[in-house]
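Asker: Provided herewith is a single structure, encoded as structure tokens, for subsequent inquiry.
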Amino acid sequence: MHIGLQGTHDFIVTKAHLASSVGSGQVNVLATPMMIAAMEYTAAASVAPVLEAGRTTVGTQISVSHVAATPAGMEVRVETELTEISNNGRLLTFRVRAFDEAGLIGEGSHQRAVVDKARFEAKAAAKKS
């Protein structure tokens, strides 16, 4: 893993991505939560191939601005870049950006923690008892 590692993800905005469908508003444009989910997905996918076996990443922080609306039918491209590795390689910081066919629609930063998947899930499951 290295600073500068990049990821991309393209998708077409469908009805399932709209604010009016996911409950984050009443307008028929890409919902902010769906843009954020695509940013998280892209960051996680960009580092997954270089993690040790049994390791994964979990989102810990995100700060983004959603600066332009995107209607259904438009293509969105999400780009991520690993900008910082800290805490002995356990905390990853990414620059995240999203574009539709007309230009920038969102940007910001996102942090993910590298965790042992089985241990993380066991700890979460233990909360139920």
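If you're wondering about the labels, chains in the structure tokens are A, B, ... by order shown, residues count from 1 in each chain, ligands from 1 in order shown.
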Could you give me, as a VMD selection string, the residues within 12 Å of Phe94 of chain A, counting only C-alpha atoms and dropping anything in the same chain fewer than 3 positions from it?
Answerer: chain A and resid 2 to 7 39 to 44 46 to 47 59 to 64 79 to 86 91 97 107 to 113
Asker: Neighbours of Gly73 of chain A within 12 Å (only C-alpha atoms; same-chain residues fewer than 3 positions away dropped), as a list in words?
Answerer: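 The residues that qualify are Phe11, Ile12, Val13, Thr14, Lys15, Ala16, His17, Leu18, Asn28, Val29, Leu30, Thr70, Val76, Asp100 and Glu101 of chain A.
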Asker: May I have the residues from that selection written out with N, CA and C atoms, as a PDB file, in the first residue's frame?
Answerer:
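Ended up saving to result-v3.pdb:
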ATOM      1  N   PHE A  11     -20.925   4.560 -12.434  1.00  0.00           N
ATOM      2  CA  PHE A  11     -22.274   3.995 -12.391  1.00  0.00           C
ATOM      3  C   PHE A  11     -23.262   4.966 -13.018  1.00  0.00           C
ATOM      4  N   ILE A  12     -24.383   4.421 -13.451  1.00  0.00           N
ATOM      5  CA  ILE A  12     -25.476   5.229 -13.996  1.00  0.00           C
ATOM      6  C   ILE A  12     -26.484   5.460 -12.872  1.00  0.00           C
ATOM      7  N   VAL A  13     -26.908   6.700 -12.693  1.00  0.00           N
ATOM      8  CA  VAL A  13     -27.900   7.030 -11.671  1.00  0.00           C
ATOM      9  C   VAL A  13     -29.248   6.444 -12.105  1.00  0.00           C
ATOM     10  N   THR A  14     -29.783   5.580 -11.245  1.00  0.00           N
ATOM     11  CA  THR A  14     -31.093   4.974 -11.482  1.00  0.00           C
ATOM     12  C   THR A  14     -32.081   5.479 -10.436  1.00  0.00           C
ATOM     13  N   LYS A  15     -33.314   5.046 -10.558  1.00  0.00           N
ATOM     14  CA  LYS A  15     -34.349   5.438  -9.596  1.00  0.00           C
ATOM     15  C   LYS A  15     -33.928   5.061  -8.172  1.00  0.00           C
ATOM     16  N   ALA A  16     -33.244   3.931  -8.020  1.00  0.00           N
ATOM     17  CA  ALA A  16     -32.821   3.471  -6.691  1.00  0.00           C
ATOM     18  C   ALA A  16     -31.808   4.412  -6.033  1.00  0.00           C
ATOM     19  N   HIS A  17     -31.135   5.249  -6.811  1.00  0.00           N
ATOM     20  CA  HIS A  17     -30.130   6.186  -6.292  1.00  0.00           C
ATOM     21  C   HIS A  17     -30.714   7.544  -5.912  1.00  0.00           C
ATOM     22  N   LEU A  18     -31.982   7.789  -6.233  1.00  0.00           N
ATOM     23  CA  LEU A  18     -32.562   9.122  -6.079  1.00  0.00           C
ATOM     24  C   LEU A  18     -32.935   9.445  -4.639  1.00  0.00           C
ATOM     25  N   ASN A  28     -35.880  14.320  -7.375  1.00  0.00           N
ATOM     26  CA  ASN A  28     -35.465  13.198  -8.212  1.00  0.00           C
ATOM     27  C   ASN A  28     -34.057  13.411  -8.763  1.00  0.00           C
ATOM     28  N   VAL A  29     -33.095  13.468  -7.840  1.00  0.00           N
ATOM     29  CA  VAL A  29     -31.680  13.596  -8.185  1.00  0.00           C
ATOM     30  C   VAL A  29     -30.874  12.645  -7.302  1.00  0.00           C
ATOM     31  N   LEU A  30     -29.621  12.408  -7.691  1.00  0.00           N
ATOM     32  CA  LEU A  30     -28.746  11.535  -6.913  1.00  0.00           C
ATOM     33  C   LEU A  30     -28.740  11.957  -5.453  1.00  0.00           C
ATOM     34  N   THR A  70     -27.526  15.681  -9.802  1.00  0.00           N
ATOM     35  CA  THR A  70     -27.406  14.777 -10.945  1.00  0.00           C
ATOM     36  C   THR A  70     -28.718  14.030 -11.125  1.00  0.00           C
ATOM     37  N   VAL A  76     -22.062   8.700 -13.404  1.00  0.00           N
ATOM     38  CA  VAL A  76     -21.248   9.304 -12.349  1.00  0.00           C
ATOM     39  C   VAL A  76     -19.940   8.529 -12.272  1.00  0.00           C
ATOM     40  N   ASP A 100     -20.278  14.041 -12.574  1.00  0.00           N
ATOM     41  CA  ASP A 100     -21.228  13.535 -13.552  1.00  0.00           C
ATOM     42  C   ASP A 100     -20.758  14.032 -14.915  1.00  0.00           C
ATOM     43  N   GLU A 101     -21.557  13.826 -15.919  1.00  0.00           N
ATOM     44  CA  GLU A 101     -21.138  14.170 -17.270  1.00  0.00           C
ATOM     45  C   GLU A 101     -20.934  15.675 -17.461  1.00  0.00           C
TER      46      GLU A 101
END
Asker: Ranking A:Lys117, A:Asp10, A:Val96, A:Glu75 by minimum distance to Ile36 of chain A and counting only C-alpha atoms, which one comes first?
Answerer: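 Of the candidates, the smallest distance to Ile36 of chain A is held by A:Val96.
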Asker: Within chain A, find each residue whose DSSP state, derived from the backbone, is strand (DSSP E), and express the selection as a PyMOL selection string.
Answerer: chain A and resi 6-12+55-66+75-86+91-100+103-116
Asker: Those selected residues, please, written with C-alpha atoms and delivered as a tab-separated table (two decimals), in the first residue's frame.
Answerer:
chain	number	residue	atom	x	y	z
A	6	GLN	CA	-6.10	5.48	-6.74
A	7	GLY	CA	-9.52	3.98	-7.30
A	8	THR	CA	-12.37	4.67	-9.70
A	9	HIS	CA	-15.96	3.53	-9.96
A	10	ASP	CA	-18.52	4.44	-12.63
A	11	PHE	CA	-22.27	3.99	-12.39
A	12	ILE	CA	-25.48	5.23	-14.00
A	55	ARG	CA	-7.99	-7.84	6.80
A	56	THR	CA	-10.54	-5.36	5.53
A	57	THR	CA	-11.30	-1.68	6.01
A	58	VAL	CA	-14.19	0.03	7.74
A	59	GLY	CA	-15.27	3.62	7.33
A	60	THR	CA	-14.57	5.84	10.32
A	61	GLN	CA	-15.03	9.38	9.06
A	62	ILE	CA	-16.25	11.24	6.00
A	63	SER	CA	-16.49	14.94	5.23
A	64	VAL	CA	-17.86	15.79	1.80
A	65	SER	CA	-19.69	18.56	0.02
A	66	HIS	CA	-22.39	17.67	-2.49
A	75	GLU	CA	-23.23	8.57	-15.52
A	76	VAL	CA	-21.25	9.30	-12.35
A	77	ARG	CA	-17.53	8.66	-11.91
A	78	VAL	CA	-16.09	8.43	-8.41
A	79	GLU	CA	-12.34	8.90	-7.93
A	80	THR	CA	-10.38	8.25	-4.75
A	81	GLU	CA	-6.74	8.80	-3.87
A	82	LEU	CA	-4.96	7.55	-0.77
A	83	THR	CA	-3.35	10.68	0.72
A	84	GLU	CA	-2.20	9.55	4.17
A	85	ILE	CA	-1.33	6.34	6.01
A	86	SER	CA	-1.07	6.77	9.79
A	91	LEU	CA	-5.66	4.48	9.43
A	92	LEU	CA	-6.06	5.46	5.78
A	93	THR	CA	-7.12	8.89	4.56
A	94	PHE	CA	-8.48	9.41	1.05
A	95	ARG	CA	-9.32	12.38	-1.14
A	96	VAL	CA	-12.72	11.59	-2.68
A	97	ARG	CA	-14.38	13.23	-5.66
A	98	ALA	CA	-17.42	12.52	-7.81
A	99	PHE	CA	-18.24	13.82	-11.26
A	100	ASP	CA	-21.23	13.53	-13.55
A	103	GLY	CA	-18.52	18.18	-14.03
A	104	LEU	CA	-17.76	18.01	-10.31
A	105	ILE	CA	-20.70	17.02	-8.09
A	106	GLY	CA	-18.99	16.19	-4.78
A	107	GLU	CA	-15.65	16.22	-3.02
A	108	GLY	CA	-14.01	15.82	0.35
A	109	SER	CA	-12.07	13.41	2.52
A	110	HIS	CA	-12.71	9.95	3.91
A	111	GLN	CA	-10.93	7.84	6.53
A	112	ARG	CA	-10.96	4.06	6.79
A	113	ALA	CA	-9.44	1.84	9.49
A	114	VAL	CA	-7.72	-1.42	8.62
A	115	VAL	CA	-9.15	-4.19	10.83
A	116	ASP	CA	-9.05	-7.94	11.27
Asker: Check the DSSP output for the backbone and give back, as a list in words, the residues of segment 17-95 of chain A in helix (DSSP H, G or I).
Answerer: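 Taking segment 17-95 of chain A and keeping helix (DSSP H, G or I) gives His17, Ala19, Ser20, Ser21, Val22, Thr32, Pro33, Met34, Met35, Ile36, Ala37, Ala38, Met39, Glu40, Tyr41, Thr42, Ala43, Ala44, Ala45, Ser46, Val47, Ala48, Pro49 and Val50 of chain A.
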Asker: Keeping only C-alpha atoms, take the residues you just selected and write them out as a PDB file, in the first residue's frame.
Answerer:
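Output file result-v1.pdb follows:
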ATOM      1  CA  HIS A  17     -30.130   6.186  -6.292  1.00  0.00           C
ATOM      2  CA  ALA A  19     -33.165  11.169  -2.950  1.00  0.00           C
ATOM      3  CA  SER A  20     -36.898  10.622  -3.429  1.00  0.00           C
ATOM      4  CA  SER A  21     -36.345   6.846  -3.356  1.00  0.00           C
ATOM      5  CA  VAL A  22     -33.950   6.568  -0.403  1.00  0.00           C
ATOM      6  CA  THR A  32     -26.185  12.508  -1.049  1.00  0.00           C
ATOM      7  CA  PRO A  33     -26.110   9.213   0.929  1.00  0.00           C
ATOM      8  CA  MET A  34     -25.792   7.286  -2.353  1.00  0.00           C
ATOM      9  CA  MET A  35     -22.915   9.507  -3.515  1.00  0.00           C
ATOM     10  CA  ILE A  36     -21.204   8.962  -0.166  1.00  0.00           C
ATOM     11  CA  ALA A  37     -21.769   5.194  -0.360  1.00  0.00           C
ATOM     12  CA  ALA A  38     -20.128   5.168  -3.802  1.00  0.00           C
ATOM     13  CA  MET A  39     -17.164   7.119  -2.422  1.00  0.00           C
ATOM     14  CA  GLU A  40     -16.762   4.657   0.462  1.00  0.00           C
ATOM     15  CA  TYR A  41     -17.092   1.684  -1.881  1.00  0.00           C
ATOM     16  CA  THR A  42     -14.441   3.066  -4.230  1.00  0.00           C
ATOM     17  CA  ALA A  43     -11.961   3.806  -1.428  1.00  0.00           C
ATOM     18  CA  ALA A  44     -12.447   0.354   0.121  1.00  0.00           C
ATOM     19  CA  ALA A  45     -12.136  -1.407  -3.230  1.00  0.00           C
ATOM     20  CA  SER A  46      -8.960   0.496  -4.091  1.00  0.00           C
ATOM     21  CA  VAL A  47      -7.033  -0.933  -1.126  1.00  0.00           C
ATOM     22  CA  ALA A  48      -8.682  -4.364  -0.806  1.00  0.00           C
ATOM     23  CA  PRO A  49      -6.251  -6.126  -3.181  1.00  0.00           C
ATOM     24  CA  VAL A  50      -3.202  -5.019  -1.180  1.00  0.00           C
TER      25      VAL A  50
END
